[in-house]
Amino acid sequence: MAEVNHKTIVRRYRPEEAEAIALLFRNTVRNVNAGDYSPEQVGAWAAGAGDRDVWRQRLLRTRPFVALREGSVVGFAELLPDGQIDCFYVHHDQLRRGIGRALMRRLESEARRRQLDFLTADVSLTARPFFEKAGFRVVRVCRVSVRGVELENLRMVRSLRKEGRTRSAGSGQNTDRREGKSYVTRL
């Protein structure tokens, strides 16, 4: 089922969109993340979409949600079975137009359908404000190696539990069971 939001349609990925998604990924990293990361870091990160066959296989495996405007891919987001948001990108020329919010609402809806308690994400420094506005909180600063280049990102978590089902984070009890887990970051 597709979700529509002010000319933005969010639906599941189709194989013919692989090239457009890889290009969106590469250009967004190069244009948006360059303000928070060095040219060497951006180059290593953006190279992740370089192998077309690997990228196509990844998209077939993760079945991301794709945001479209006027028939063009303007964003995508991957939600893994355990609630990990593995990729979340909006076209660099389409920022602050509701596309990220539409994608996040679709991910939240899917996570609730799966009866997940949490969403987690390894978020770039650039994306931190967006994820905080979406209700995520930082639980850890991470250093990851991408093609031999070290980058810093943030492990962020958002509870999807209804009020009253658990004690609040301010109650002194850790309600995030995932904080103690060791994570592998995929960029």
# chains A, B, ... in the order shown; residues from 1 in each chain; ligands from 1
>>> residues_around(residues="segment 18-29 of chain A", least_positions_apart="4", cutoff="8 Å", atoms="only C-alpha atoms", output="list in words")
Arg14, Asn33, Ala34, Val42, Trp45, Ala46, Ala47, Gly48, Ala49, Gly50, Arg52, Trp55, Arg56, Leu59, Val73, Val74, Gly75, Phe76, Tyr89, Val90, His91 and His92 of chain A
>>> write_last_selection(atoms="N, CA and C atoms", output="short mmCIF file (atom, residue, chain, number, x, y, z; two decimals), in the first residue's frame")
data_model
loop_
_atom_site.label_atom_id
_atom_site.label_comp_id
_atom_site.auth_asym_id
_atom_site.auth_seq_id
_atom_site.Cartn_x
_atom_site.Cartn_y
_atom_site.Cartn_z
N ARG A 14 10.93 -0.90 -6.20
CA ARG A 14 10.79 -1.69 -7.42
C ARG A 14 12.17 -1.81 -8.06
N ASN A 33 26.21 15.62 3.51
CA ASN A 33 27.07 15.23 4.62
C ASN A 33 28.45 15.88 4.59
N ALA A 34 28.78 16.56 3.51
CA ALA A 34 30.09 17.21 3.38
C ALA A 34 30.30 18.30 4.43
N VAL A 42 33.71 11.45 3.23
CA VAL A 42 32.60 11.51 2.28
C VAL A 42 32.88 10.60 1.08
N TRP A 45 32.44 6.92 2.07
CA TRP A 45 31.03 6.65 2.33
C TRP A 45 30.25 6.59 1.01
N ALA A 46 30.42 7.57 0.15
CA ALA A 46 29.69 7.63 -1.12
C ALA A 46 30.04 6.48 -2.05
N ALA A 47 31.25 5.94 -1.91
CA ALA A 47 31.67 4.82 -2.76
C ALA A 47 30.85 3.57 -2.50
N GLY A 48 30.08 3.55 -1.44
CA GLY A 48 29.25 2.39 -1.10
C GLY A 48 28.24 2.02 -2.16
N ALA A 49 27.90 2.95 -3.03
CA ALA A 49 26.93 2.67 -4.10
C ALA A 49 27.63 2.39 -5.43
N GLY A 50 28.94 2.21 -5.40
CA GLY A 50 29.71 2.05 -6.63
C GLY A 50 29.49 0.75 -7.38
N ARG A 52 27.20 -1.73 -8.83
CA ARG A 52 25.77 -1.81 -9.17
C ARG A 52 25.15 -3.15 -8.79
N TRP A 55 24.69 -3.34 -5.03
CA TRP A 55 23.62 -2.42 -4.64
C TRP A 55 22.26 -3.01 -4.98
N ARG A 56 22.11 -3.56 -6.18
CA ARG A 56 20.83 -4.17 -6.59
C ARG A 56 20.46 -5.32 -5.66
N LEU A 59 19.21 -3.97 -2.32
CA LEU A 59 17.86 -3.43 -2.39
C LEU A 59 16.81 -4.53 -2.51
N VAL A 73 12.29 9.38 -7.92
CA VAL A 73 12.73 8.93 -6.60
C VAL A 73 13.37 10.12 -5.89
N VAL A 74 12.82 10.48 -4.72
CA VAL A 74 13.34 11.61 -3.95
C VAL A 74 13.78 11.20 -2.54
N GLY A 75 13.67 9.91 -2.21
CA GLY A 75 14.12 9.42 -0.92
C GLY A 75 13.89 7.94 -0.80
N PHE A 76 14.60 7.32 0.16
CA PHE A 76 14.38 5.91 0.45
C PHE A 76 14.82 5.62 1.87
N TYR A 89 17.67 8.20 3.42
CA TYR A 89 18.23 9.28 2.60
C TYR A 89 17.14 10.01 1.83
N VAL A 90 17.27 11.34 1.78
CA VAL A 90 16.39 12.19 0.99
C VAL A 90 17.27 12.95 0.00
N HIS A 91 16.80 13.10 -1.22
CA HIS A 91 17.54 13.79 -2.28
C HIS A 91 18.00 15.15 -1.78
N HIS A 92 19.25 15.49 -2.07
CA HIS A 92 19.83 16.73 -1.54
C HIS A 92 19.11 17.99 -2.00
#
>>> residues_around(residues="segment 122-128 of chain A", least_positions_apart="3", cutoff="7 Å", atoms="only C-alpha atoms", output="list in words")
Asn33, Asp36, Phe131, Glu132, Asn153, Leu154, Arg155, Met156 and Thr185 of chain A
>>> write_last_selection(atoms="C-alpha atoms", output="short mmCIF file (atom, residue, chain, number, x, y, z; two decimals), in the first residue's frame")
data_model
loop_
_atom_site.label_atom_id
_atom_site.label_comp_id
_atom_site.auth_asym_id
_atom_site.auth_seq_id
_atom_site.Cartn_x
_atom_site.Cartn_y
_atom_site.Cartn_z
CA ASN A 33 27.07 15.23 4.62
CA ASP A 36 30.01 17.38 8.89
CA PHE A 131 16.00 12.01 14.08
CA GLU A 132 15.74 13.92 17.37
CA ASN A 153 27.99 8.39 13.88
CA LEU A 154 25.37 8.09 16.58
CA ARG A 155 23.38 5.09 17.77
CA MET A 156 19.86 6.45 18.25
CA THR A 185 27.25 -0.57 11.45
#
>>> select_by_dssp(residues="segment 8-56 of chain A", states="helix (DSSP H, G or I)", output="number ranges by chain")
A: 15-35, 39-49, 52-56
>>> atom_distance(atom1="atom CA of Leu79 of chain A", atom2="atom CA of Ala111 of chain A")
8.1 Å
>>> atom_distance(atom1="atom CA of Glu40 of chain A", atom2="atom CA of Pro129 of chain A")
23.5 Å
>>> closest_residue(among="A:Arg143, A:Arg105, A:Lys162, A:Arg137", to="Ala121 of chain A", atoms="only C-alpha atoms")
A:Arg137
>>> closest_residue(among="A:Asp93, A:Glu108, A:Glu78, A:Asp117", to="Arg12 of chain A", atoms="only C-alpha atoms")
A:Glu78
>>> closest_residue(among="A:Val32, A:Arg58, A:Gly71, A:Pro64", to="Met104 of chain A", atoms="only C-alpha atoms")
A:Pro64
>>> decode(residues="segment 90-112 of chain A", atoms="N, CA and C atoms", output="compact mmCIF listing (two decimals), in the first residue's frame")
# COMPACT_ATOMS: atom_id res chain seq x y z
N VAL A 90 17.27 11.34 1.78
CA VAL A 90 16.39 12.19 0.99
C VAL A 90 17.27 12.95 0.00
N HIS A 91 16.80 13.10 -1.22
CA HIS A 91 17.54 13.79 -2.28
C HIS A 91 18.00 15.15 -1.78
N HIS A 92 19.25 15.49 -2.07
CA HIS A 92 19.83 16.73 -1.54
C HIS A 92 19.11 17.99 -2.00
N ASP A 93 18.40 17.96 -3.12
CA ASP A 93 17.63 19.11 -3.58
C ASP A 93 16.19 19.11 -3.06
N GLN A 94 15.82 18.12 -2.26
CA GLN A 94 14.44 17.98 -1.80
C GLN A 94 14.32 18.01 -0.27
N LEU A 95 15.34 18.51 0.41
CA LEU A 95 15.32 18.55 1.87
C LEU A 95 14.30 19.57 2.37
N ARG A 96 13.77 19.30 3.56
CA ARG A 96 12.82 20.18 4.26
C ARG A 96 11.53 20.42 3.47
N ARG A 97 11.07 19.36 2.81
CA ARG A 97 9.81 19.43 2.06
C ARG A 97 8.84 18.33 2.50
N GLY A 98 9.08 17.72 3.66
CA GLY A 98 8.17 16.72 4.19
C GLY A 98 8.46 15.29 3.74
N ILE A 99 9.46 15.10 2.91
CA ILE A 99 9.76 13.76 2.39
C ILE A 99 10.30 12.87 3.50
N GLY A 100 11.23 13.37 4.30
CA GLY A 100 11.77 12.59 5.41
C GLY A 100 10.68 12.23 6.41
N ARG A 101 9.79 13.18 6.71
CA ARG A 101 8.69 12.90 7.64
C ARG A 101 7.77 11.81 7.08
N ALA A 102 7.49 11.88 5.76
CA ALA A 102 6.63 10.87 5.15
C ALA A 102 7.28 9.50 5.22
N LEU A 103 8.58 9.42 4.95
CA LEU A 103 9.28 8.14 5.05
C LEU A 103 9.28 7.63 6.49
N MET A 104 9.54 8.52 7.44
CA MET A 104 9.59 8.09 8.84
C MET A 104 8.21 7.60 9.29
N ARG A 105 7.15 8.28 8.91
CA ARG A 105 5.80 7.80 9.28
C ARG A 105 5.56 6.40 8.72
N ARG A 106 6.02 6.15 7.50
CA ARG A 106 5.82 4.83 6.89
C ARG A 106 6.62 3.77 7.63
N LEU A 107 7.85 4.10 8.03
CA LEU A 107 8.66 3.15 8.81
C LEU A 107 8.00 2.87 10.16
N GLU A 108 7.51 3.90 10.82
CA GLU A 108 6.84 3.72 12.12
C GLU A 108 5.61 2.85 11.97
N SER A 109 4.84 3.09 10.94
CA SER A 109 3.64 2.28 10.68
C SER A 109 4.01 0.82 10.47
N GLU A 110 5.03 0.58 9.69
CA GLU A 110 5.48 -0.79 9.43
C GLU A 110 6.00 -1.44 10.71
N ALA A 111 6.76 -0.70 11.50
CA ALA A 111 7.30 -1.24 12.76
C ALA A 111 6.16 -1.60 13.72
N ARG A 112 5.15 -0.78 13.79
CA ARG A 112 4.01 -1.08 14.65
C ARG A 112 3.24 -2.29 14.13
